[in-house]
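Colleague: TSV, C-alpha atoms, saved as work_31.tsv, coming up:
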chain	number	residue	atom	x	y	z
F	10	MET	CA	0.19	-36.28	17.66
F	11	ASP	CA	-2.86	-35.47	19.81
F	12	ASN	CA	-2.16	-38.57	21.90
F	13	THR	CA	1.57	-37.93	22.41
F	14	PRO	CA	2.24	-37.97	26.19
F	15	LYS	CA	3.08	-34.59	27.74
F	16	GLY	CA	6.48	-35.84	28.77
F	17	ASN	CA	7.48	-36.38	25.13
F	18	ARG	CA	6.52	-32.88	23.98
F	19	LEU	CA	8.71	-29.80	23.62
F	20	HIS	CA	7.70	-27.66	26.62
F	21	ILE	CA	7.39	-23.97	25.69
F	22	ALA	CA	6.83	-21.60	28.61
F	23	LEU	CA	5.21	-18.18	28.09
F	24	MET	CA	6.53	-15.69	30.66
F	25	GLY	CA	6.27	-11.98	31.22
F	26	ARG	CA	4.77	-9.26	33.38
F	27	THR	CA	1.02	-9.00	33.95
F	28	ASN	CA	-0.98	-7.79	30.96
F	29	VAL	CA	1.82	-7.95	28.41
F	30	GLY	CA	-0.34	-10.38	26.44
F	31	LYS	CA	0.96	-13.87	27.23
F	32	SER	CA	-2.49	-15.43	27.09
F	33	SER	CA	-3.39	-13.41	23.99
F	34	LEU	CA	-0.23	-14.68	22.30
F	35	LEU	CA	-1.15	-18.26	23.24
F	36	ASN	CA	-4.63	-17.81	21.76
F	37	LEU	CA	-3.17	-16.29	18.60
F	38	MET	CA	-0.70	-19.15	18.15
F	39	LEU	CA	-3.41	-21.76	18.70
F	40	GLY	CA	-6.01	-19.99	16.61
F	41	GLN	CA	-8.60	-20.43	19.37
F	42	ASP	CA	-9.52	-18.94	22.74
F	43	ILE	CA	-7.92	-21.34	25.20
F	44	ALA	CA	-6.58	-18.88	27.76
F	45	ILE	CA	-8.82	-16.25	29.36
F	46	THR	CA	-7.72	-12.72	28.58
F	47	SER	CA	-8.65	-9.49	30.35
F	48	PRO	CA	-7.29	-5.99	30.91
F	49	VAL	CA	-7.48	-6.77	34.66
F	50	ALA	CA	-4.04	-7.72	35.99
F	51	GLY	CA	-3.66	-11.27	37.31
F	52	THR	CA	-6.25	-12.97	35.09
F	53	THR	CA	-4.01	-16.04	34.67
F	54	THR	CA	-4.20	-17.63	38.12
F	55	ASP	CA	-2.47	-20.94	37.41
F	56	VAL	CA	-0.28	-22.47	34.75
F	57	VAL	CA	-2.44	-23.11	31.67
F	58	GLU	CA	-1.25	-26.10	29.62
F	59	LYS	CA	-2.14	-26.59	25.99
F	60	ALA	CA	-0.81	-29.42	23.83
F	61	MET	CA	-0.74	-29.06	20.08
F	62	GLU	CA	1.09	-30.17	16.95
F	63	LEU	CA	3.41	-27.47	15.67
F	64	LEU	CA	4.81	-28.73	12.38
F	65	PRO	CA	7.61	-29.19	11.47
F	66	ILE	CA	8.68	-29.17	15.12
F	67	GLY	CA	6.18	-31.82	16.17
F	68	PRO	CA	4.17	-32.19	19.39
F	69	VAL	CA	4.60	-29.29	21.83
F	70	LEU	CA	3.13	-28.22	25.15
F	71	PHE	CA	2.56	-24.49	25.79
F	72	LEU	CA	2.74	-23.38	29.43
F	73	ASP	CA	1.01	-20.03	30.06
F	74	THR	CA	2.15	-18.57	33.40
F	75	ALA	CA	1.04	-15.88	35.83
F	76	GLY	CA	2.54	-12.40	35.51
F	77	LEU	CA	5.98	-11.97	37.06
F	78	ASP	CA	4.99	-8.69	38.73
F	79	ASP	CA	1.67	-9.97	40.11
F	80	VAL	CA	0.79	-8.08	43.31
F	81	SER	CA	-2.69	-9.50	43.83
F	82	GLU	CA	-3.83	-11.26	46.98
F	83	LEU	CA	-2.88	-14.67	45.57
F	84	SER	CA	0.37	-13.53	43.97
F	85	GLY	CA	2.63	-15.56	46.26
F	86	ALA	CA	1.15	-18.91	45.28
F	87	ARG	CA	0.94	-17.92	41.62
F	88	LEU	CA	4.54	-16.78	41.40
F	89	LYS	CA	5.77	-19.91	43.16
F	90	LYS	CA	4.13	-22.02	40.46
F	91	THR	CA	5.57	-19.76	37.77
F	92	ALA	CA	9.06	-20.17	39.25
F	93	LYS	CA	8.77	-23.96	39.02
F	94	ILE	CA	8.25	-23.66	35.27
F	95	PHE	CA	12.02	-23.14	34.94
F	96	ASP	CA	12.33	-26.81	35.90
F	97	ARG	CA	10.02	-27.88	33.07
F	98	ALA	CA	10.69	-25.51	30.19
F	99	ASP	CA	12.70	-26.60	27.15
F	100	VAL	CA	12.29	-23.13	25.65
F	101	ILE	CA	11.06	-19.85	27.19
F	102	ILE	CA	9.14	-17.23	25.25
F	103	LEU	CA	9.47	-13.94	27.13
F	104	VAL	CA	6.62	-11.61	26.15
F	105	VAL	CA	7.34	-7.89	26.55
F	106	GLU	CA	5.86	-4.51	25.55
F	107	PRO	CA	7.60	-2.08	23.18
F	108	ASP	CA	10.35	0.02	24.76
F	109	THR	CA	9.83	-1.57	28.18
F	110	TRP	CA	12.47	-3.69	29.89
F	111	THR	CA	12.46	-4.01	33.69
F	112	LYS	CA	14.03	-6.00	36.50
F	113	TYR	CA	11.45	-8.74	35.89
F	114	GLU	CA	12.66	-9.34	32.35
F	115	ASP	CA	16.27	-9.29	33.59
F	116	THR	CA	15.36	-11.92	36.21
F	117	VAL	CA	13.85	-14.26	33.62
F	118	LEU	CA	16.84	-13.78	31.34
F	119	ALA	CA	19.31	-14.46	34.16
F	120	LYS	CA	17.49	-17.59	35.35
F	121	SER	CA	17.16	-18.97	31.84
F	122	GLN	CA	20.84	-18.38	31.15
F	123	LYS	CA	21.81	-20.04	34.46
F	124	ARG	CA	19.71	-23.09	33.56
F	125	LYS	CA	20.86	-22.92	29.92
F	126	ILE	CA	17.27	-22.71	28.72
F	127	PRO	CA	16.95	-21.14	25.26
F	128	ILE	CA	14.90	-17.94	25.33
F	129	LEU	CA	12.98	-16.04	22.64
F	130	ILE	CA	11.63	-12.52	23.04
F	131	VAL	CA	8.23	-11.64	21.60
F	132	VAL	CA	7.40	-7.94	21.55
F	133	ASN	CA	3.62	-7.62	21.71
F	134	LYS	CA	1.25	-4.66	21.15
F	135	ILE	CA	3.13	-3.16	18.22
F	136	ASP	CA	-0.26	-1.92	16.98
F	137	LEU	CA	-0.29	0.47	19.96
F	138	HIS	CA	3.35	1.48	19.96
F	139	GLN	CA	6.21	0.74	17.58
F	140	PRO	CA	9.45	-0.14	19.43
F	141	SER	CA	12.40	2.14	18.82
F	142	PRO	CA	15.36	0.82	16.77
F	143	ASP	CA	17.80	1.34	19.67
F	144	TRP	CA	15.59	-0.62	22.09
F	145	LEU	CA	15.14	-3.47	19.58
F	146	LYS	CA	18.92	-3.59	19.09
F	147	MET	CA	19.41	-3.77	22.86
F	148	ILE	CA	17.08	-6.73	23.44
F	149	THR	CA	18.31	-8.52	20.30
F	150	GLU	CA	21.84	-8.38	21.70
F	151	LYS	CA	20.55	-9.97	24.89
F	152	THR	CA	18.99	-13.07	23.30
F	153	GLY	CA	19.72	-13.13	19.59
F	154	LEU	CA	16.14	-13.61	18.37
F	155	VAL	CA	13.23	-11.17	18.63
F	156	LEU	CA	9.74	-11.38	17.12
F	157	THR	CA	7.41	-8.35	17.00
F	158	VAL	CA	3.67	-9.05	16.92
F	159	SER	CA	0.23	-7.62	17.42
F	160	CYS	CA	-2.01	-10.25	18.98
F	161	SER	CA	-5.07	-8.32	17.83
F	162	ASP	CA	-4.01	-8.66	14.17
F	163	GLU	CA	-5.37	-12.09	13.26
F	164	LYS	CA	-4.63	-11.52	9.55
F	165	GLN	CA	-0.92	-11.75	10.37
F	166	ARG	CA	-1.31	-14.88	12.50
F	167	GLN	CA	0.19	-17.27	9.93
F	168	ASN	CA	3.18	-14.99	9.33
F	169	TYR	CA	3.81	-14.68	13.06
F	170	LEU	CA	3.45	-18.42	13.51
F	171	GLU	CA	5.86	-19.28	10.70
F	172	THR	CA	8.49	-16.93	12.11
F	173	LEU	CA	8.01	-18.33	15.61
F	174	LYS	CA	8.39	-21.91	14.37
F	175	GLN	CA	11.63	-21.05	12.60
F	176	GLN	CA	12.98	-19.43	15.74
F	177	LEU	CA	11.92	-22.42	17.86
F	178	LEU	CA	13.67	-24.78	15.46
F	179	GLU	CA	16.82	-22.70	15.81
F	180	LYS	CA	16.58	-22.55	19.61
F	181	ALA	CA	15.23	-26.04	20.43
F	182	PRO	CA	17.75	-27.66	22.78
F	183	ALA	CA	19.88	-30.53	21.57
F	184	ASP	CA	18.74	-32.74	24.46
F	185	PHE	CA	15.20	-32.50	23.07
F	186	VAL	CA	16.07	-33.03	19.45
F	187	GLY	CA	18.62	-35.70	20.31
F	188	THR	CA	16.84	-37.42	23.20
F	189	PRO	CA	18.47	-40.82	23.82
F	190	SER	CA	16.65	-43.73	22.27
F	191	LEU	CA	14.40	-45.72	24.56
F	192	ILE	CA	15.41	-49.14	23.21
F	193	GLY	CA	15.82	-48.87	19.43
F	194	ASP	CA	19.62	-48.57	19.54
F	195	LEU	CA	19.82	-51.88	21.44
F	196	ILE	CA	18.14	-53.88	18.68
F	197	PRO	CA	19.50	-54.28	15.14
F	198	PRO	CA	17.11	-53.58	12.24
F	199	GLY	CA	15.11	-56.71	11.62
F	200	GLY	CA	15.90	-57.99	15.11
F	201	PHE	CA	13.50	-58.41	17.97
F	202	ALA	CA	13.10	-57.95	21.72
F	203	VAL	CA	11.06	-59.93	24.22
F	204	LEU	CA	9.03	-57.76	26.58
F	205	VAL	CA	7.84	-59.29	29.84
F	206	VAL	CA	4.61	-57.61	30.91
F	207	PRO	CA	2.94	-58.80	34.11
F	208	ILE	CA	-0.79	-58.11	34.24
F	209	ASP	CA	-1.47	-56.86	37.75
F	210	LEU	CA	-3.57	-54.27	39.60
F	211	GLU	CA	-1.55	-51.38	38.13
F	212	ALA	CA	-2.29	-52.38	34.53
F	213	PRO	CA	-5.40	-50.53	33.28
F	214	LYS	CA	-8.17	-52.87	32.17
F	215	GLY	CA	-7.83	-53.74	28.50
F	216	ARG	CA	-4.62	-51.74	28.08
F	217	LEU	CA	-0.90	-51.75	28.84
F	218	ILE	CA	0.76	-49.10	30.99
F	219	LEU	CA	2.46	-46.15	29.30
F	220	PRO	CA	6.13	-47.29	29.58
F	221	GLN	CA	5.26	-50.60	27.93
F	222	VAL	CA	3.35	-48.92	25.10
F	223	GLN	CA	6.15	-46.42	24.45
F	224	THR	CA	8.74	-49.18	24.39
F	225	ILE	CA	6.75	-51.15	21.80
F	226	ARG	CA	6.37	-48.01	19.69
F	227	ASP	CA	10.10	-47.26	19.84
F	228	ILE	CA	10.90	-50.81	18.74
F	229	LEU	CA	8.56	-50.48	15.75
F	230	ASP	CA	9.96	-47.04	14.88
F	231	ASN	CA	13.41	-48.62	14.68
F	232	ASP	CA	12.35	-51.35	12.23
F	233	ALA	CA	12.47	-54.14	14.80
F	234	ALA	CA	9.88	-56.48	16.33
F	235	ALA	CA	8.51	-57.05	19.82
F	236	ILE	CA	7.29	-60.26	21.38
F	237	VAL	CA	5.15	-59.55	24.44
F	238	VAL	CA	4.59	-62.21	27.11
F	239	LYS	CA	3.66	-62.49	30.77
F	240	GLU	CA	6.34	-63.68	33.16
F	241	ARG	CA	4.79	-67.14	33.52
F	242	GLU	CA	5.00	-67.75	29.75
F	243	LEU	CA	8.53	-66.38	29.29
F	244	ALA	CA	10.47	-69.64	29.57
F	245	ALA	CA	8.22	-71.41	27.06
F	246	ALA	CA	8.36	-68.48	24.65
F	247	LEU	CA	12.17	-68.39	24.70
F	248	ALA	CA	12.33	-72.15	24.17
F	249	ASN	CA	10.12	-71.86	21.07
F	250	LEU	CA	12.25	-69.16	19.42
F	251	LYS	CA	14.54	-70.16	16.56
F	252	ASN	CA	16.98	-67.33	17.37
F	253	PRO	CA	17.61	-65.53	20.67
F	254	PRO	CA	16.27	-61.99	21.10
F	255	ALA	CA	18.58	-58.99	21.05
F	256	ILE	CA	17.38	-58.13	24.57
F	257	VAL	CA	14.74	-59.04	27.13
F	258	VAL	CA	13.00	-56.21	28.96
F	259	THR	CA	10.88	-56.87	32.01
F	260	ASP	CA	8.77	-55.06	34.52
F	261	SER	CA	11.05	-54.42	37.50
F	262	GLN	CA	8.82	-56.32	39.90
F	263	ALA	CA	9.41	-59.55	37.94
F	264	ILE	CA	13.17	-59.12	37.53
F	265	LEU	CA	14.14	-61.96	39.88
F	266	LYS	CA	12.04	-64.60	38.08
F	267	VAL	CA	12.93	-63.28	34.65
F	268	ASP	CA	16.64	-63.30	35.53
F	269	ALA	CA	16.31	-67.00	36.36
F	270	ASP	CA	14.47	-67.80	33.11
F	271	VAL	CA	16.63	-65.82	30.66
F	272	PRO	CA	19.94	-67.46	29.62
F	273	LYS	CA	22.98	-65.46	30.71
F	274	ASN	CA	24.08	-64.85	27.11
F	275	ILE	CA	20.93	-62.78	26.43
F	276	PRO	CA	21.01	-59.13	27.60
F	277	LEU	CA	18.38	-58.29	30.21
F	278	THR	CA	17.12	-55.01	31.65
F	279	THR	CA	13.90	-53.36	32.88
F	280	PHE	CA	11.43	-50.83	31.50
F	281	SER	CA	12.23	-48.48	34.35
F	282	ILE	CA	15.96	-48.58	33.61
F	283	LEU	CA	15.26	-47.80	29.95
F	284	PHE	CA	13.33	-44.71	31.05
F	285	ALA	CA	16.08	-43.70	33.45
F	286	ARG	CA	18.44	-43.64	30.47
F	287	GLN	CA	16.07	-41.74	28.17
F	288	LYS	CA	14.60	-39.27	30.65
F	289	SER	CA	17.51	-38.55	33.01
F	290	ASP	CA	21.10	-39.67	33.67
F	291	LEU	CA	21.38	-43.44	34.10
F	292	ALA	CA	24.95	-43.24	35.39
F	293	VAL	CA	23.85	-40.93	38.22
F	294	MET	CA	20.93	-43.23	39.02
F	295	ALA	CA	23.24	-46.25	39.05
F	296	ALA	CA	25.61	-44.50	41.44
F	297	GLY	CA	22.58	-43.65	43.58
F	298	ALA	CA	21.77	-47.35	43.89
F	299	ALA	CA	25.16	-47.94	45.48
F	300	ALA	CA	24.16	-45.47	48.22
F	301	ILE	CA	21.52	-47.96	49.42
F	302	GLU	CA	24.44	-49.93	50.83
F	303	ASN	CA	25.07	-47.15	53.38
F	304	LEU	CA	21.48	-46.63	54.59
F	305	LYS	CA	20.79	-47.10	58.30
F	306	PRO	CA	17.56	-47.50	60.31
F	307	GLY	CA	15.97	-44.12	60.95
F	308	ASP	CA	17.31	-42.49	57.76
F	309	ARG	CA	14.93	-40.21	55.86
F	310	ILE	CA	14.01	-41.21	52.30
F	311	LEU	CA	12.05	-39.28	49.64
F	312	ILE	CA	9.77	-41.24	47.31
F	313	ALA	CA	9.25	-38.99	44.26
F	314	GLU	CA	6.57	-39.74	41.68
F	315	ALA	CA	6.10	-37.91	38.39
F	316	CYS	CA	2.33	-38.34	38.41
F	317	SER	CA	-0.43	-38.17	41.00
F	318	HIS	CA	-2.39	-41.38	41.41
F	319	HIS	CA	-4.43	-43.29	43.94
F	320	ALA	CA	-2.08	-45.64	45.77
F	321	LEU	CA	-3.04	-49.27	45.32
F	322	GLU	CA	-2.94	-51.90	48.04
F	323	ASP	CA	0.53	-53.10	47.00
F	324	ASP	CA	1.78	-49.92	45.30
F	325	ILE	CA	5.31	-50.30	43.95
F	326	GLY	CA	6.63	-46.90	45.08
F	327	ARG	CA	4.75	-46.47	48.33
F	328	VAL	CA	4.52	-50.04	49.61
F	329	LYS	CA	6.80	-52.57	47.93
F	330	ILE	CA	10.05	-50.60	47.58
F	331	PRO	CA	9.80	-49.17	51.14
F	332	ARG	CA	9.21	-52.70	52.45
F	333	TRP	CA	12.22	-54.07	50.57
F	334	LEU	CA	14.38	-51.17	51.79
F	335	ARG	CA	13.39	-51.77	55.42
F	336	GLN	CA	14.21	-55.44	55.04
F	337	TYR	CA	17.58	-54.56	53.49
F	338	VAL	CA	18.66	-52.10	56.21
F	339	GLY	CA	17.17	-54.19	59.01
F	340	GLY	CA	15.00	-51.49	60.54
F	341	ASP	CA	12.48	-48.72	59.99
F	342	LEU	CA	13.02	-45.74	57.68
F	343	GLN	CA	11.32	-42.34	57.48
F	344	MET	CA	9.48	-42.18	54.16
F	345	ASP	CA	8.20	-38.93	52.62
F	346	ILE	CA	6.08	-38.94	49.44
F	347	SER	CA	6.04	-36.25	46.75
F	348	ALA	CA	3.71	-36.67	43.77
F	349	GLY	CA	3.24	-34.76	40.53
F	350	ARG	CA	4.81	-31.31	40.54
F	351	ASP	CA	5.24	-31.19	44.33
F	352	TYR	CA	8.98	-31.84	44.36
F	353	PRO	CA	10.48	-30.42	47.60
F	354	ASP	CA	12.68	-27.35	47.42
F	355	ASP	CA	14.77	-28.49	50.40
F	356	LEU	CA	16.37	-31.90	49.86
F	357	LYS	CA	19.41	-31.76	52.11
F	358	ASN	CA	17.87	-33.74	55.00
F	359	TYR	CA	17.30	-36.83	52.86
F	360	LYS	CA	19.73	-39.72	52.69
F	361	LEU	CA	18.30	-40.97	49.40
F	362	ILE	CA	15.77	-39.99	46.74
F	363	LEU	CA	13.87	-42.80	45.04
F	364	HIS	CA	12.32	-41.56	41.78
F	365	CYS	CA	9.87	-43.25	39.43
F	366	GLY	CA	10.69	-43.77	35.76
F	367	GLY	CA	9.42	-40.29	34.85
F	368	CYS	CA	7.34	-41.39	31.87
F	369	MET	CA	4.96	-38.44	32.50
F	370	MET	CA	7.78	-35.85	32.52
F	371	ASN	CA	10.03	-34.43	29.86
F	372	ARG	CA	13.79	-34.97	29.94
F	373	ARG	CA	14.59	-31.44	31.08
F	374	GLU	CA	12.38	-31.66	34.16
F	375	MET	CA	13.86	-35.00	35.17
F	376	LEU	CA	17.39	-33.69	34.66
F	377	ASN	CA	16.51	-30.66	36.79
F	378	ARG	CA	15.40	-32.98	39.59
F	379	VAL	CA	18.68	-34.86	39.28
F	380	ARG	CA	20.57	-31.55	39.37
F	381	LYS	CA	18.74	-30.42	42.52
F	382	ALA	CA	19.59	-33.70	44.23
F	383	GLN	CA	23.25	-33.35	43.28
F	384	GLU	CA	23.37	-29.74	44.49
F	385	ALA	CA	21.96	-30.92	47.84
F	386	GLY	CA	24.50	-33.75	47.98
F	387	VAL	CA	21.75	-36.40	48.05
F	388	PRO	CA	22.00	-39.64	46.01
F	389	ILE	CA	19.08	-40.21	43.65
F	390	VAL	CA	18.06	-43.55	42.19
F	391	ASN	CA	15.36	-44.69	39.80
F	392	TYR	CA	12.76	-47.25	40.98
F	393	GLY	CA	13.92	-49.92	38.55
F	394	VAL	CA	17.61	-49.48	39.33
F	395	ALA	CA	16.85	-49.66	43.06
F	396	ILE	CA	14.73	-52.81	42.67
F	397	SER	CA	17.48	-54.53	40.68
F	398	PHE	CA	19.92	-53.66	43.46
F	399	LEU	CA	17.62	-54.90	46.21
F	400	GLN	CA	16.96	-58.13	44.29
F	401	GLY	CA	20.68	-58.72	43.75
F	402	VAL	CA	20.64	-58.54	39.94
F	403	ILE	CA	21.74	-54.94	39.29
F	404	LYS	CA	24.96	-55.86	37.50
F	405	ARG	CA	23.05	-57.90	34.97
F	406	SER	CA	20.29	-55.32	34.43
F	407	LEU	CA	22.91	-52.58	33.92
F	408	ALA	CA	25.19	-54.71	31.71
F	409	PRO	CA	23.63	-53.36	28.44
F	410	PHE	CA	24.80	-49.89	29.58
F	411	PRO	CA	28.55	-50.14	30.38
F	412	SER	CA	29.02	-46.55	31.58
F	413	ALA	CA	26.16	-46.90	34.07
F	414	LEU	CA	27.51	-50.22	35.34
F	415	GLU	CA	30.94	-48.62	35.75
F	416	ALA	CA	29.41	-45.71	37.72
F	417	PHE	CA	27.70	-48.19	40.04
F	418	GLU	CA	30.83	-50.25	40.63
F	419	ASN	CA	33.01	-47.18	41.19
F	420	LYS	CA	30.55	-45.80	43.75
F	421	LEU	CA	30.58	-49.10	45.64
F	422	LYS	CA	34.37	-48.86	45.96
F	423	GLU	CA	34.29	-45.41	47.57
For this file, write the structure as structure tokens.
Modeller:
Amino acid sequence: MDNTPKGNRLHIALMGRTNVGKSSLLNLMLGQDIAITSPVAGTTTDVVEKAMELLPIGPVLFLDTAGLDDVSELSGARLKKTAKIFDRADVIILVVEPDTWTKYEDTVLAKSQKRKIPILIVVNKIDLHQPSPDWLKMITEKTGLVLTVSCSDEKQRQNYLETLKQQLLEKAPADFVGTPSLIGDLIPPGGFAVLVVPIDLEAPKGRLILPQVQTIRDILDNDAAAIVVKERELAAALANLKNPPAIVVTDSQAILKVDADVPKNIPLTTFSILFARQKSDLAVMAAGAAAIENLKPGDRILIAEACSHHALEDDIGRVKIPRWLRQYVGGDLQMDISAGRDYPDDLKNYKLILHCGGCMMNRREMLNRVRKAQEAGVPIVNYGVAISFLQGVIKRSLAPFPSALEAFENKLKE
């Protein structure tokens, strides 16, 4: 559980006005002093992340945010980061003080309801002031679930924690609990998949990259087997198999060679496409690939990456895909890069958004990025889907996912 990637954890955001005790609540829940607490307003200057195992829920990531009513010198930057948490949160815990409900709490409630993010209310500081029955009834009617706590009462920590876990289980969104399978549903129990894993500059020494590791784990979790080969050994490996695999999955950059080596009767797709299905909306991404057909020289493109990393000499997102796109459209394109959490607020001037697989993000954040693109009227496509299109094999790589293939073909007809 300690090694579960952040993107696979339930993201729980702690929000509230300054000094209501968000950081104190985080420390109480964790049983250790992770977040700095102080009676001075504005102590939390940035989003504090803390991963933990919260059984029976599983791996979670707490996000402790700056106060909503921060008026300090740096409040603008702090509040901007807090606002972006709505794009990441699977559940929001709104921390309040007894008998106090202001426009700030109403704002959080309204934004969470608009985004359909489940929200819990935790009333802190009950050791200083007991909330009135009428006030408790009012806030309970707003959200359905309310927990009253005193963060200074460590003896009650386990009781508070058990109640919170039950409320989180009740409120946890279905798209977290029922996240689409990565690959397990494509392989029958006892079956096997062949995974094509090139070893290049982007592969960390002595290890595989995260999407490959997660795919292997999902195969094992679904009582199937994985055969892992490099692209040069694929043809020989397939020839030596007694039975054909249920599916072949390859790194997108090797899709053209792998397509030539894998018999047409064996399903074929890419790691990146698998992640597009699990982390976002594959049908939307497939339709976005069709938009490449309409690009013209001079168009502005956004390359969006979920993680920040040092770009390598032949980086897939910043070098290879832009080069293939320029070759496809027959001219230069304007390329903007956003990495990590720096996803632009204004997308309307882009003709296309190219997004990585999102293995470092949770499903909600990826879906929010898709939603923002749709609201701006901008097509969005996943790296792997785009590469399959540019290499001329998209219909085959989408064939295991009929609804996505249909979305692509329908968009081409428009």
Colleague: What does the distance from CA of Leu421 in chain F to CA of Ala299 in chain F come to in Å, to one decimal?
Modeller: 5.5 Å
Colleague: Using all atoms listed in the file, which protein or nucleic acid residues come within 12 Å of Leu250 in chain F? Drop anything in the same chain fewer than 5 positions from it, and give the result as a PyMOL selection string.
Modeller: chain F and resi 201-203+236+243-245
Colleague: For CA of Asn419 in chain F and CA of Val257 in chain F, quote the distance in Å rounded to one decimal.
Modeller: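 These atoms are spaced 25.9 Å apart.
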Colleague: Which residues are near Leu311 in chain F? Cut-off 12 Å, all atoms listed in the file, ignore same chain within fewer than 5 positions. Put them as a ChimeraX atom specification.
Modeller: /F:326-327,330-331,342-348,351-353,355-365,382,387-392
Colleague: When you count only C-alpha atoms, which of these residues is closest to Asp354 in chain F: F:Ile196, F:Ala92, F:Met375, F:Ala416?
Modeller: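 Using only C-alpha atoms, Asp354 in chain F sits closest to F:Ala92.
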Colleague: Which residue, F:Gly193, F:Pro411, F:Gly199, F:Pro254, has the smallest gap to Thr224 in chain F when you use only C-alpha atoms?
Modeller: F:Gly193
Colleague: Tell me which protein, DNA and RNA residues are within 6 Å of Ala22 in chain F, counting all atoms listed in the file, leaving out same-chain ones fewer than 3 positions away, and put them as a list in words.
Modeller: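 In the requested format, the answer is Phe71, Leu72, Ala98, Ile101 and Ile102 of chain F.
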Colleague: Residues within 9 Å of Val100 in chain F, please, as a PyMOL selection string. Count all atoms listed in the file; anything in the same chain fewer than 4 positions from it doesn't count.
Modeller: chain F and resi 19-23+121+126-129+177+180-182
Colleague: Using all atoms listed in the file, pick whichever of F:Arg18, F:Arg380, F:Lys59, F:Arg241 has the shortest atom-to-atom distance to Ser32 in chain F.
Modeller: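 Smallest separation from Ser32 in chain F among the options: F:Lys59.
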Colleague: Report as a list in words all protein, DNA and RNA residues lying within 10 Å of Ile228 in chain F, evaluated on only C-alpha atoms, omitting residues in the same chain fewer than 5 positions from it.
Modeller: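 Neighbouring residues, sequence-local ones excluded: Ser190, Leu191, Ile192, Gly193, Asp194, Leu195, Ile196, Pro197, Pro198, Gly200, Phe201, Ala202, Gln223, Ala233, Ala234 and Ala235 of chain F.
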Colleague: Quick check, in Å to one decimal: how far apart do CA of Arg335 in chain F and CA of Cys368 in chain F lie?
Modeller: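 The value is 26.4 Å.
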Colleague: Which residues of range 80-133 of chain F have any atom within 9 Å of an atom in range 148-161 of chain F when counting all atoms listed in the file, and what is the closest pair of atoms for each, with the distance in Å to one decimal? Order the rows by chain and rising number and write it as JSON lines.
Modeller:
{"residue": "F:Pro107", "atom": "CA", "partner": "F:Thr157", "partner_atom": "CA", "distance": 8.8}
{"residue": "F:Trp110", "atom": "CA", "partner": "F:Ile148", "partner_atom": "CA", "distance": 8.5}
{"residue": "F:Leu118", "atom": "CA", "partner": "F:Thr152", "partner_atom": "CA", "distance": 8.4}
{"residue": "F:Pro127", "atom": "CA", "partner": "F:Thr152", "partner_atom": "CA", "distance": 8.6}
{"residue": "F:Ile128", "atom": "CA", "partner": "F:Thr152", "partner_atom": "CA", "distance": 6.7}
{"residue": "F:Leu129", "atom": "CA", "partner": "F:Leu154", "partner_atom": "CA", "distance": 5.8}
{"residue": "F:Ile130", "atom": "CA", "partner": "F:Val155", "partner_atom": "CA", "distance": 4.9}
{"residue": "F:Val131", "atom": "CA", "partner": "F:Leu156", "partner_atom": "CA", "distance": 4.7}
{"residue": "F:Val132", "atom": "CA", "partner": "F:Thr157", "partner_atom": "CA", "distance": 4.6}
{"residue": "F:Asn133", "atom": "CA", "partner": "F:Val158", "partner_atom": "CA", "distance": 5.0}
Colleague: Smallest atom-to-atom distance to Cys316 in chain F: which of F:Lys404, F:Lys329, F:Lys123, F:Arg350, using all atoms listed in the file?
Modeller: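 Counting all atoms listed in the file, the residue closest to Cys316 in chain F is F:Arg350.
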Colleague: Using only C-alpha atoms, pick whichever of F:Glu62, F:Glu415, F:Asp73, F:Glu106 has the shortest atom-to-atom distance to Ala295 in chain F.
Modeller: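 For Ala295 in chain F, the nearest of the given residues is F:Glu415.
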Colleague: Ranking F:Ser412, F:Gln221, F:Asn371, F:Gln175 by minimum distance to Leu291 in chain F and counting all atoms listed in the file, which one comes first?
Modeller: F:Ser412
